[in-house]
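Asker: Just one file: query_5.txt, with compact mmCIF, C-alpha atoms.
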```txt
# COMPACT_ATOMS: atom_id res chain seq x y z
CA MET A 25 -22.77 53.26 92.82
CA VAL A 26 -26.22 51.65 93.27
CA LYS A 27 -27.83 54.96 92.49
CA LYS A 28 -25.56 55.47 89.50
CA PHE A 29 -26.14 52.05 87.98
CA GLY A 30 -29.54 51.07 89.52
CA ARG A 31 -31.76 52.91 87.04
CA PRO A 32 -29.92 51.62 83.93
CA ALA A 33 -29.90 48.08 85.38
CA LEU A 34 -33.60 48.18 86.14
CA LEU A 35 -34.35 49.48 82.66
CA GLY A 36 -32.18 46.70 81.20
CA ILE A 37 -34.01 44.02 83.16
CA LEU A 38 -37.41 45.39 82.08
CA ALA A 39 -36.23 45.55 78.47
CA ALA A 40 -35.02 41.95 78.64
CA ILE A 41 -38.35 40.78 80.06
CA LEU A 42 -40.26 42.72 77.41
CA PHE A 43 -38.03 41.33 74.65
CA GLY A 44 -38.43 37.81 75.97
CA VAL A 45 -42.20 38.11 76.04
CA MET A 46 -42.26 39.52 72.53
CA PHE A 47 -39.85 36.86 71.28
CA ASN A 48 -41.79 34.01 72.86
CA GLY A 49 -45.03 35.35 71.40
CA VAL A 50 -43.58 35.63 67.93
CA ARG A 51 -41.97 32.22 68.26
CA GLU A 52 -45.22 30.62 69.41
CA LYS A 53 -47.17 32.20 66.57
CA GLY A 54 -44.53 31.10 64.12
CA ILE A 55 -44.56 27.58 65.39
CA ARG A 56 -48.36 27.49 65.31
CA SER A 57 -48.33 28.72 61.74
CA CYS A 58 -45.53 26.49 60.47
CA ILE A 59 -46.28 23.38 62.52
CA PRO A 60 -49.99 23.67 63.34
CA VAL A 61 -50.09 20.32 65.10
CA PHE A 62 -48.40 22.07 68.07
CA SER A 63 -51.66 23.92 68.62
CA TYR A 64 -53.21 20.71 69.92
CA LEU A 65 -50.77 20.74 72.81
CA MET A 66 -50.64 24.51 73.44
CA GLU A 67 -54.41 24.87 73.68
CA GLY A 68 -55.41 25.20 77.32
CA GLU A 69 -52.03 24.30 78.78
CA ASN A 70 -50.19 26.36 81.35
CA ASP A 71 -47.01 28.13 80.41
CA SER A 72 -44.57 25.29 81.01
CA GLY A 73 -42.30 26.24 78.13
CA LEU A 74 -42.04 25.32 74.50
CA TRP A 75 -39.55 22.55 75.16
CA GLN A 76 -42.22 20.51 76.90
CA SER A 77 -44.37 20.77 73.80
CA VAL A 78 -41.45 19.79 71.61
CA GLU A 79 -40.89 16.73 73.79
CA HIS A 80 -44.54 15.76 73.34
CA ILE A 81 -44.46 16.12 69.56
CA LEU A 82 -40.94 14.76 69.04
CA PRO A 83 -40.73 12.10 71.75
CA VAL A 84 -37.46 10.82 70.38
CA LEU A 85 -35.85 13.80 72.12
CA SER A 86 -36.96 12.47 75.47
CA PHE A 87 -36.29 8.76 74.95
CA HIS A 88 -32.92 9.12 76.60
CA GLN A 89 -34.73 10.08 79.79
CA GLY A 90 -36.70 6.84 79.77
CA LYS A 91 -40.04 8.60 79.50
CA ARG A 92 -43.21 6.92 78.19
CA VAL A 93 -44.71 9.55 75.95
CA GLU A 94 -48.44 10.10 75.84
CA ILE A 95 -50.26 12.50 73.54
CA HIS A 96 -53.41 14.11 74.89
CA ARG A 97 -55.97 15.54 72.52
CA GLN A 98 -59.44 16.90 73.30
CA ASP A 99 -61.38 14.80 70.87
CA ARG A 100 -64.01 12.07 70.86
CA PHE A 101 -61.40 9.38 71.34
CA LEU A 102 -58.32 9.33 73.53
CA LEU A 103 -55.42 8.61 71.22
CA LYS A 104 -52.52 7.05 73.05
CA TYR A 105 -48.95 6.24 72.16
CA MET A 106 -49.00 7.73 68.69
CA LYS A 107 -45.91 7.58 66.54
CA PRO A 108 -44.30 10.97 65.83
CA VAL A 109 -44.77 10.55 62.07
CA GLU A 110 -48.45 9.76 62.56
CA LEU A 111 -48.97 12.84 64.66
CA LEU A 112 -46.99 15.20 62.47
CA THR A 113 -48.90 14.10 59.39
CA MET A 114 -52.23 13.80 61.24
CA MET A 115 -52.65 10.25 60.00
CA SER A 116 -55.24 7.84 61.41
CA VAL A 117 -54.15 5.53 64.19
CA GLU A 118 -53.91 1.87 63.17
CA ASN A 119 -55.89 -0.59 65.27
CA LEU A 120 -58.02 2.17 66.72
CA GLU A 121 -60.01 -0.31 68.80
CA GLU A 122 -56.88 -0.96 70.86
CA VAL A 123 -56.67 2.64 72.03
CA LEU A 124 -60.33 3.53 72.55
CA PRO A 125 -61.32 4.56 76.05
CA GLU A 126 -63.02 1.81 78.01
CA LYS A 127 -66.44 3.45 77.68
CA GLU A 128 -66.07 3.82 73.92
CA ALA A 129 -64.85 0.25 73.50
CA ALA A 130 -67.68 -1.13 75.61
CA ALA A 131 -70.20 0.72 73.49
CA VAL A 132 -69.26 -1.22 70.32
CA PRO A 133 -72.12 -3.72 69.84
CA GLU A 134 -71.25 -7.36 69.31
CA ALA A 135 -73.23 -10.48 68.42
CA THR A 136 -75.14 -11.69 71.44
CA LYS A 137 -74.04 -14.83 73.21
CA GLN A 138 -77.20 -16.55 72.05
CA GLU A 139 -76.55 -15.62 68.41
CA ALA A 140 -72.97 -16.86 68.65
CA GLU A 141 -74.11 -20.19 70.08
CA GLU A 142 -76.65 -20.59 67.31
CA ILE A 143 -74.05 -20.28 64.53
CA PRO A 144 -72.85 -23.76 63.53
CA GLU A 145 -69.15 -24.42 63.90
CA SER A 146 -68.75 -25.09 60.20
CA SER A 147 -70.26 -21.76 59.19
CA THR A 148 -68.36 -18.52 58.77
CA VAL A 149 -71.11 -16.13 59.69
CA PRO A 150 -69.59 -12.88 60.94
CA PRO A 151 -71.12 -11.15 63.96
CA THR A 152 -73.03 -8.05 62.97
CA THR A 153 -71.81 -4.93 64.75
CA THR A 154 -74.02 -2.36 63.08
CA ALA A 155 -77.25 -2.23 61.18
CA GLU A 156 -76.50 -4.00 57.92
CA PRO A 157 -77.94 -3.08 54.53
CA PRO A 158 -80.18 -5.73 53.00
CA ILE A 159 -78.27 -8.63 51.48
CA LYS A 160 -78.29 -8.52 47.69
CA THR A 161 -79.99 -11.78 46.80
CA THR A 162 -80.17 -11.69 43.02
CA SER A 163 -77.78 -10.41 40.40
CA ALA A 164 -78.57 -7.33 38.36
CA MET A 165 -78.15 -9.52 35.30
CA PRO A 166 -81.38 -11.42 34.52
CA PHE A 167 -81.22 -15.20 34.35
CA ILE A 168 -81.73 -16.66 30.90
CA PRO A 169 -82.11 -20.46 30.82
CA HIS A 170 -79.43 -22.04 28.66
CA THR A 171 -80.10 -23.98 25.52
CA LEU A 172 -78.21 -27.21 24.85
CA GLN A 173 -74.46 -26.53 24.99
CA THR A 174 -73.04 -30.02 24.53
CA ILE A 175 -74.20 -33.64 24.43
CA VAL A 176 -73.03 -36.21 26.97
CA ASP A 177 -72.35 -39.48 25.15
CA ILE A 178 -73.61 -42.34 27.29
CA LYS A 179 -71.79 -45.10 25.38
CA PRO A 180 -68.31 -44.47 26.88
CA LEU A 181 -69.86 -44.29 30.36
CA GLU A 182 -71.13 -47.87 30.23
CA GLU A 183 -67.84 -48.97 31.80
CA LEU A 184 -68.02 -48.49 35.58
CA ASP A 185 -64.58 -46.89 35.91
CA ALA A 186 -65.33 -44.44 33.12
CA LEU A 187 -68.69 -43.52 34.66
CA VAL A 188 -67.26 -43.05 38.13
CA GLY A 189 -64.34 -41.04 36.78
CA ALA A 190 -66.61 -38.69 34.84
CA PHE A 191 -69.63 -38.33 37.13
CA TYR A 192 -68.88 -39.44 40.69
CA THR A 193 -66.77 -39.03 43.78
CA VAL A 194 -67.11 -42.17 45.90
CA ASP A 195 -66.34 -41.81 49.60
CA GLY A 196 -63.67 -44.15 50.91
CA VAL A 197 -66.16 -46.00 53.14
CA ALA A 198 -68.73 -46.59 50.37
CA LYS A 199 -68.95 -49.44 47.88
CA VAL A 200 -70.42 -49.26 44.38
CA ASP A 201 -70.56 -51.75 41.53
CA GLY A 202 -71.80 -52.06 37.96
CA ASN A 203 -75.25 -53.19 39.02
CA MET A 204 -75.69 -50.10 41.14
CA LEU A 205 -74.18 -47.63 38.66
CA ASN A 206 -75.16 -48.55 35.13
CA ALA A 207 -75.21 -45.49 32.89
CA LYS A 208 -77.67 -46.94 30.37
CA THR A 209 -80.16 -48.01 33.05
CA LEU A 210 -79.88 -44.77 34.99
CA ASN A 211 -80.31 -42.67 31.86
CA GLU A 212 -83.40 -44.54 30.62
CA LYS A 213 -85.35 -44.31 33.88
CA ASP A 214 -88.58 -42.34 33.30
CA LEU A 215 -88.68 -39.64 35.99
CA ARG A 216 -91.37 -37.41 34.53
CA ILE A 217 -94.15 -36.17 36.82
CA THR A 218 -97.43 -34.42 36.20
CA LYS A 219 -98.19 -30.86 37.31
CA THR A 220 -101.97 -31.30 37.18
CA THR A 221 -102.40 -32.59 40.74
CA GLU A 222 -104.10 -30.20 43.14
CA GLY A 223 -101.70 -30.89 45.98
CA PRO A 224 -97.94 -30.27 46.14
CA GLN A 225 -95.69 -32.26 43.82
CA ILE A 226 -92.33 -31.22 45.32
CA LEU A 227 -91.14 -31.09 48.93
CA ILE A 228 -88.07 -29.04 49.90
CA TYR A 229 -86.73 -29.37 53.43
CA HIS A 230 -83.44 -28.99 55.34
CA THR A 231 -81.98 -31.61 57.66
CA HIS A 232 -79.38 -28.97 58.59
CA SER A 233 -81.39 -25.77 58.71
CA ARG A 234 -78.69 -23.83 60.57
CA GLU A 235 -76.22 -23.85 57.69
CA ALA A 236 -75.27 -20.31 56.68
CA PHE A 237 -73.00 -18.41 54.30
CA ALA A 238 -70.16 -15.90 54.41
CA ASP A 239 -72.40 -12.85 54.74
CA SER A 240 -75.48 -14.41 56.32
CA ILE A 241 -77.02 -12.36 59.12
CA PRO A 242 -77.22 -14.26 62.43
CA GLY A 243 -80.82 -14.78 63.45
CA ASP A 244 -82.15 -14.03 59.95
CA PRO A 245 -83.19 -17.35 58.33
CA SER A 246 -83.84 -15.61 55.01
CA THR A 247 -80.05 -15.41 54.59
CA SER A 248 -79.43 -19.04 55.58
CA ILE A 249 -79.99 -22.26 53.67
CA VAL A 250 -83.68 -21.97 54.63
CA GLY A 251 -83.97 -18.67 52.77
CA VAL A 252 -82.25 -20.23 49.78
CA GLY A 253 -84.79 -23.08 49.90
CA GLU A 254 -87.67 -20.62 49.77
CA HIS A 255 -86.08 -18.81 46.83
CA LEU A 256 -85.73 -22.12 44.95
CA ALA A 257 -89.33 -23.03 45.81
CA GLU A 258 -90.61 -19.70 44.50
CA ILE A 259 -88.76 -20.09 41.19
CA LEU A 260 -90.21 -23.58 40.72
CA ARG A 261 -93.69 -22.22 41.47
CA SER A 262 -93.66 -19.00 39.45
CA ARG A 263 -91.48 -19.92 36.47
CA TYR A 264 -92.16 -23.63 36.01
CA GLY A 265 -95.64 -24.09 37.46
CA TYR A 266 -94.91 -26.64 40.19
CA ASN A 267 -96.79 -26.78 43.47
CA VAL A 268 -93.97 -26.77 46.04
CA LEU A 269 -94.21 -27.35 49.77
CA HIS A 270 -91.23 -25.82 51.62
CA HIS A 271 -90.82 -27.33 55.08
CA THR A 272 -88.71 -25.15 57.40
CA GLY A 273 -88.53 -27.43 60.43
CA ALA A 274 -85.22 -27.28 62.31
CA TYR A 275 -83.52 -30.51 63.39
CA ASP A 276 -80.02 -29.27 64.22
CA VAL A 277 -80.63 -26.43 66.68
CA GLN A 278 -78.93 -27.94 69.73
CA THR A 279 -76.64 -30.31 67.84
CA ARG A 280 -76.19 -31.70 64.34
CA ASP A 281 -75.87 -35.20 65.79
CA ASN A 282 -78.83 -37.41 64.87
CA ALA A 283 -80.44 -34.64 62.79
CA TYR A 284 -81.42 -37.21 60.13
CA SER A 285 -83.12 -39.37 62.76
CA ARG A 286 -85.04 -36.36 64.08
CA ALA A 287 -86.06 -35.21 60.60
CA LEU A 288 -87.27 -38.60 59.34
CA PRO A 289 -90.59 -38.85 61.27
CA GLU A 290 -91.54 -35.30 60.24
CA VAL A 291 -90.74 -35.90 56.57
CA GLN A 292 -92.69 -39.18 56.60
CA LYS A 293 -95.66 -37.40 58.20
CA ILE A 294 -95.60 -34.70 55.51
CA LEU A 295 -95.56 -37.35 52.78
CA GLU A 296 -98.46 -39.21 54.39
CA GLU A 297 -100.49 -36.00 54.62
CA ASN A 298 -99.58 -34.98 51.07
CA PRO A 299 -99.68 -38.13 48.91
CA THR A 300 -99.34 -36.03 45.73
CA ILE A 301 -95.67 -35.29 46.53
CA GLN A 302 -93.46 -37.10 44.03
CA VAL A 303 -90.13 -35.27 44.51
CA VAL A 304 -88.16 -34.69 47.73
CA ILE A 305 -85.17 -32.32 47.94
CA ASP A 306 -83.02 -32.08 51.06
CA LEU A 307 -81.18 -28.81 50.48
CA HIS A 308 -77.83 -28.32 52.24
CA ARG A 309 -74.75 -26.14 52.17
CA ASP A 310 -71.42 -27.96 52.02
CA GLY A 311 -68.54 -27.38 54.44
CA LEU A 312 -65.03 -27.08 53.02
CA ALA A 313 -61.63 -27.18 54.67
CA GLU A 314 -60.21 -23.82 55.68
CA GLY A 315 -58.47 -22.14 52.75
CA ALA A 316 -60.28 -24.19 50.12
CA ALA A 317 -61.16 -22.45 46.86
CA LYS A 318 -64.61 -20.92 46.68
CA LEU A 319 -67.21 -22.93 44.79
CA VAL A 320 -68.25 -20.19 42.37
CA MET A 321 -68.26 -19.44 38.66
CA ASP A 322 -69.32 -16.58 36.42
CA LEU A 323 -72.53 -17.71 34.75
CA ASP A 324 -73.50 -15.14 32.12
CA GLY A 325 -72.22 -12.29 34.26
CA ARG A 326 -73.82 -13.63 37.45
CA PRO A 327 -71.59 -14.91 40.30
CA THR A 328 -73.08 -18.36 40.84
CA ALA A 329 -72.27 -20.96 43.49
CA ARG A 330 -71.38 -24.43 42.25
CA PHE A 331 -73.27 -27.39 43.69
CA MET A 332 -73.42 -31.18 43.68
CA PHE A 333 -75.97 -33.96 44.01
CA PHE A 334 -75.44 -36.45 46.82
CA ASN A 335 -76.46 -40.10 47.24
CA GLY A 336 -76.38 -42.51 50.14
CA VAL A 337 -76.23 -46.10 48.88
CA SER A 338 -76.59 -48.12 52.13
CA CYS A 339 -73.50 -50.10 51.24
CA GLY A 340 -70.09 -50.04 52.90
CA LYS A 341 -66.75 -51.08 51.48
CA LYS A 342 -66.10 -53.41 54.43
CA SER A 343 -69.61 -54.25 55.59
CA GLY A 344 -71.32 -54.62 52.22
CA ASN A 345 -75.06 -53.95 52.15
CA ILE A 346 -76.24 -52.21 55.31
CA ASP A 347 -79.48 -54.10 55.92
CA TYR A 348 -80.81 -51.89 58.70
CA LEU A 349 -80.55 -48.94 56.29
CA HIS A 350 -82.38 -50.69 53.45
CA ASN A 351 -83.47 -48.36 50.67
CA PRO A 352 -86.08 -49.75 48.28
CA ASN A 353 -85.85 -46.57 46.20
CA LEU A 354 -82.08 -46.64 45.69
CA GLU A 355 -82.18 -47.28 41.92
CA GLU A 356 -84.57 -44.37 41.34
CA ASN A 357 -82.54 -42.11 43.68
CA LEU A 358 -79.41 -42.82 41.66
CA ALA A 359 -81.22 -42.35 38.35
CA PHE A 360 -82.59 -39.00 39.52
CA SER A 361 -79.17 -37.61 40.52
CA PHE A 362 -77.56 -39.08 37.37
CA GLN A 363 -80.06 -37.41 35.05
CA LEU A 364 -79.79 -34.11 36.96
CA LYS A 365 -76.00 -34.24 36.62
CA LYS A 366 -76.22 -35.12 32.93
CA ALA A 367 -78.62 -32.23 32.23
CA ALA A 368 -76.34 -29.87 34.13
CA GLU A 369 -73.33 -30.93 32.07
CA GLU A 370 -75.23 -30.50 28.82
CA TYR A 371 -76.77 -27.11 29.60
CA TYR A 372 -74.45 -25.57 32.21
CA PRO A 373 -71.00 -27.18 31.78
CA GLY A 374 -68.77 -26.76 34.82
CA LEU A 375 -71.51 -25.57 37.16
CA THR A 376 -71.91 -28.85 39.03
CA ARG A 377 -69.32 -30.82 40.95
CA LYS A 378 -69.21 -34.60 40.64
CA ASN A 379 -72.09 -36.44 42.32
CA TYR A 380 -70.97 -37.61 45.77
CA ILE A 381 -71.68 -41.12 47.05
CA ASN A 382 -71.48 -42.15 50.69
CA ALA A 383 -72.22 -45.43 52.43
CA TYR A 384 -75.29 -44.56 54.47
CA ARG A 385 -78.92 -43.73 53.65
CA TYR A 386 -79.55 -40.08 54.59
CA ASN A 387 -83.36 -40.54 54.54
CA MET A 388 -83.32 -40.93 50.77
CA HIS A 389 -85.55 -44.00 51.01
CA VAL A 390 -88.67 -41.90 51.63
CA CYS A 391 -89.35 -41.29 47.93
CA GLY A 392 -87.97 -42.46 44.58
CA ARG A 393 -87.23 -39.01 43.19
CA THR A 394 -85.23 -37.89 46.22
CA THR A 395 -82.00 -35.96 46.00
CA LEU A 396 -79.75 -34.21 48.48
CA ILE A 397 -78.18 -31.04 47.06
CA GLU A 398 -75.02 -29.50 48.52
CA LEU A 399 -75.27 -25.89 47.33
CA GLY A 400 -72.08 -23.85 47.71
CA ALA A 401 -70.14 -23.81 50.97
CA GLN A 402 -69.51 -21.63 54.00
CA ASN A 403 -67.32 -19.19 52.04
CA ASN A 404 -69.95 -18.46 49.38
CA THR A 405 -72.10 -15.34 49.60
CA VAL A 406 -75.87 -15.25 49.81
CA GLU A 407 -76.00 -13.69 46.35
CA GLU A 408 -73.97 -16.54 44.83
CA VAL A 409 -76.18 -19.29 46.24
CA MET A 410 -79.39 -17.44 45.43
CA ASN A 411 -78.21 -17.06 41.83
CA ALA A 412 -77.59 -20.82 41.66
CA CYS A 413 -81.27 -21.50 42.34
CA ASP A 414 -82.14 -20.43 38.79
CA PRO A 415 -80.14 -23.12 36.96
CA ILE A 416 -81.05 -25.70 39.63
CA ALA A 417 -84.74 -25.07 39.00
CA HIS A 418 -84.20 -25.27 35.25
CA ILE A 419 -82.30 -28.58 35.56
CA LEU A 420 -85.01 -30.03 37.82
CA ASP A 421 -87.70 -29.02 35.35
CA MET A 422 -85.90 -30.58 32.40
CA VAL A 423 -85.67 -33.94 34.17
CA LEU A 424 -89.15 -33.86 35.71
CA SER A 425 -90.85 -32.70 32.52
CA GLY A 426 -88.82 -34.93 30.21
CA ALA A 427 -87.72 -31.96 28.13
```
Kindly return the structure encoded in the file as structure tokens.

Answerer:
Amino acid sequence: MVKKFGRPALLGILAAILFGVMFNGVREKGIRSCIPVFSYLMEGENDSGLWQSVEHILPVLSFHQGKRVEIHRQDRFLLKYMKPVELLTMMSVENLEEVLPEKEAAAVPEATKQEAEEIPESSTVPPTTTAEPPIKTTSAMPFIPHTLQTIVDIKPLEELDALVGAFYTVDGVAKVDGNMLNAKTLNEKDLRITKTTEGPQILIYHTHSREAFADSIPGDPSTSIVGVGEHLAEILRSRYGYNVLHHTGAYDVQTRDNAYSRALPEVQKILEENPTIQVVIDLHRDGLAEGAAKLVMDLDGRPTARFMFFNGVSCGKKSGNIDYLHNPNLEENLAFSFQLKKAAEEYYPGLTRKNYINAYRYNMHVCGRTTLIELGAQNNTVEEVMNACDPIAHILDMVLSGA
């Protein structure tokens, strides 16, 4: 019996094995051709059966077994826990940083601890993770100084409420009155200066030199308020012929507290050493509440940050005059910011915010023609604030030249 049926049985077994091998080969080739993503799992694996590969690619088939499916791929990154649809369509993995190997994740450069500590809390400077292209600092559109657009009628502004409503925001702790803010008096103040002096006529400095913008580069002062100050200084020099001294001393490195007290002796020393200086500009960047609208407008095709002039009046709503912060130059300070605001409204309507008044002094007593400018805010770009320097310089020149 064994002899009778042994040969046919043996041949049948061999035929079955041969058929199985041929079938599996054709099936594998077919699967590779029709669903090429299977090749990622078949490459280099031992022959553990096609079903194992199907479980890897279609993990839903193995969920009932309580398995945690992992996909292994020989590639630069180890991609873990991919969704079946993502794998079948070869889509990118979302949140790739969450699935990078530890070595790869550790290799991603971050801002240094020192850089992070140097960024002021009010700024929104992002850490740089790669070499950044140079910040675009001026628009492709050339700046063309505006001619007169409208005329501000002083007569209606002779009433204090009308003047404040049109030109000022008064802080809740500050006190103003008609003697302090008289539109006719402020408008008639002669603020012209001469450019013929050999020494500097204008001083630009920064009580808060660490203030930065949305795309400022940490550690690069040319993209901070200091860089903006130098850009403004250069425009005043090259386009309008002023001799400008730009002081880049830093008074807020460790803390912003008492920055005005630290800056005052240095500013006074500069003025003593340069008696030709007749104009002082403390250039700042404002800080807005989170979610506030960006201070920007399209000025002749140029994205331009809006700005405001700031005054400290040494007078509180409850305390009255603050004697220890006496400012003998208050009237001229107020006239300077008023005339700058008026020129801005007449030549660049909508570009400036209302002049801001607070109760304290802010070192504005050092010189009659002193103004504090809040240029843009933390959510403005470097390009926007740099572009604003052109109209600021033009406005300054109109007031200082009496044009």

Asker: What's the 8 Å shell around range 313-319 of chain A, counting all atoms listed in the file, without same-chain residues fewer than 3 positions away, as a list in words?

Answerer: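 Within the cut-off, the hits are Ala329, Arg330, Phe331, Gly400, Ala401, Asn403 and Asn404 of chain A.
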
Asker: Could you list, as a PyMOL selection string, every residue within 10 Å of Thr193 in chain A, counting all atoms listed in the file and ignoring same-chain residues fewer than 4 positions away?

Answerer: chain A and resi 188-189+334+377-382

Asker: Calculate how many Å separate CA of Ala359 in chain A from CA of Leu210 in chain A, rounding to one decimal.

Answerer: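 CA of Leu210 in chain A lies at a distance of 4.4 Å from CA of Ala359 in chain A.
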
Asker: Env of Asn203 in chain A: 10 Å cut, atoms = all atoms listed in the file, seq-sep filter 3 positions within chain, self excluded. Answer as a ChimeraX atom specification.

Answerer: /A:184,200,206-207,209,355

Asker: Quick one: distance from CA of Cys413 in chain A to CA of Leu323 in chain A in Å, one decimal?

Answerer: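 Interatomic distance here is 12.2 Å.
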
Asker: Go through A:Val268, A:Ile301, A:Leu312, A:Leu181 and flag the residue nearest His255 in chain A, using only C-alpha atoms for the distances.

Answerer: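 Closest to His255 in chain A, using only C-alpha atoms: A:Val268.
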
Asker: Which of these residues is nearest to Thr394 in chain A, using all atoms listed in the file: A:Asp306, A:Asp322, A:Glu369, A:Glu407?

Answerer: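 With all atoms listed in the file as the atom set, the closest residue is A:Asp306.
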
Asker: Select, from A:Met422, A:Leu399, A:Met410, A:Ala287, the residue with the minimum atom-to-atom distance to Gly311 in chain A, counting all atoms listed in the file.

Answerer: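 Under the stated criterion, the closest residue is A:Leu399.
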
Asker: Figure out the distance between CA of Asn282 in chain A and CA of Cys391 in chain A, please, to one decimal in Å.

Answerer: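 These two atoms are separated by 20.3 Å.
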
Asker: For each of A:Asn411, A:Gln292, A:Gln363, A:Asn357, take the minimum atom-to-atom distance to Leu396 in chain A, counting all atoms listed in the file, then give the residue where this is smallest.

Answerer: A:Asn357
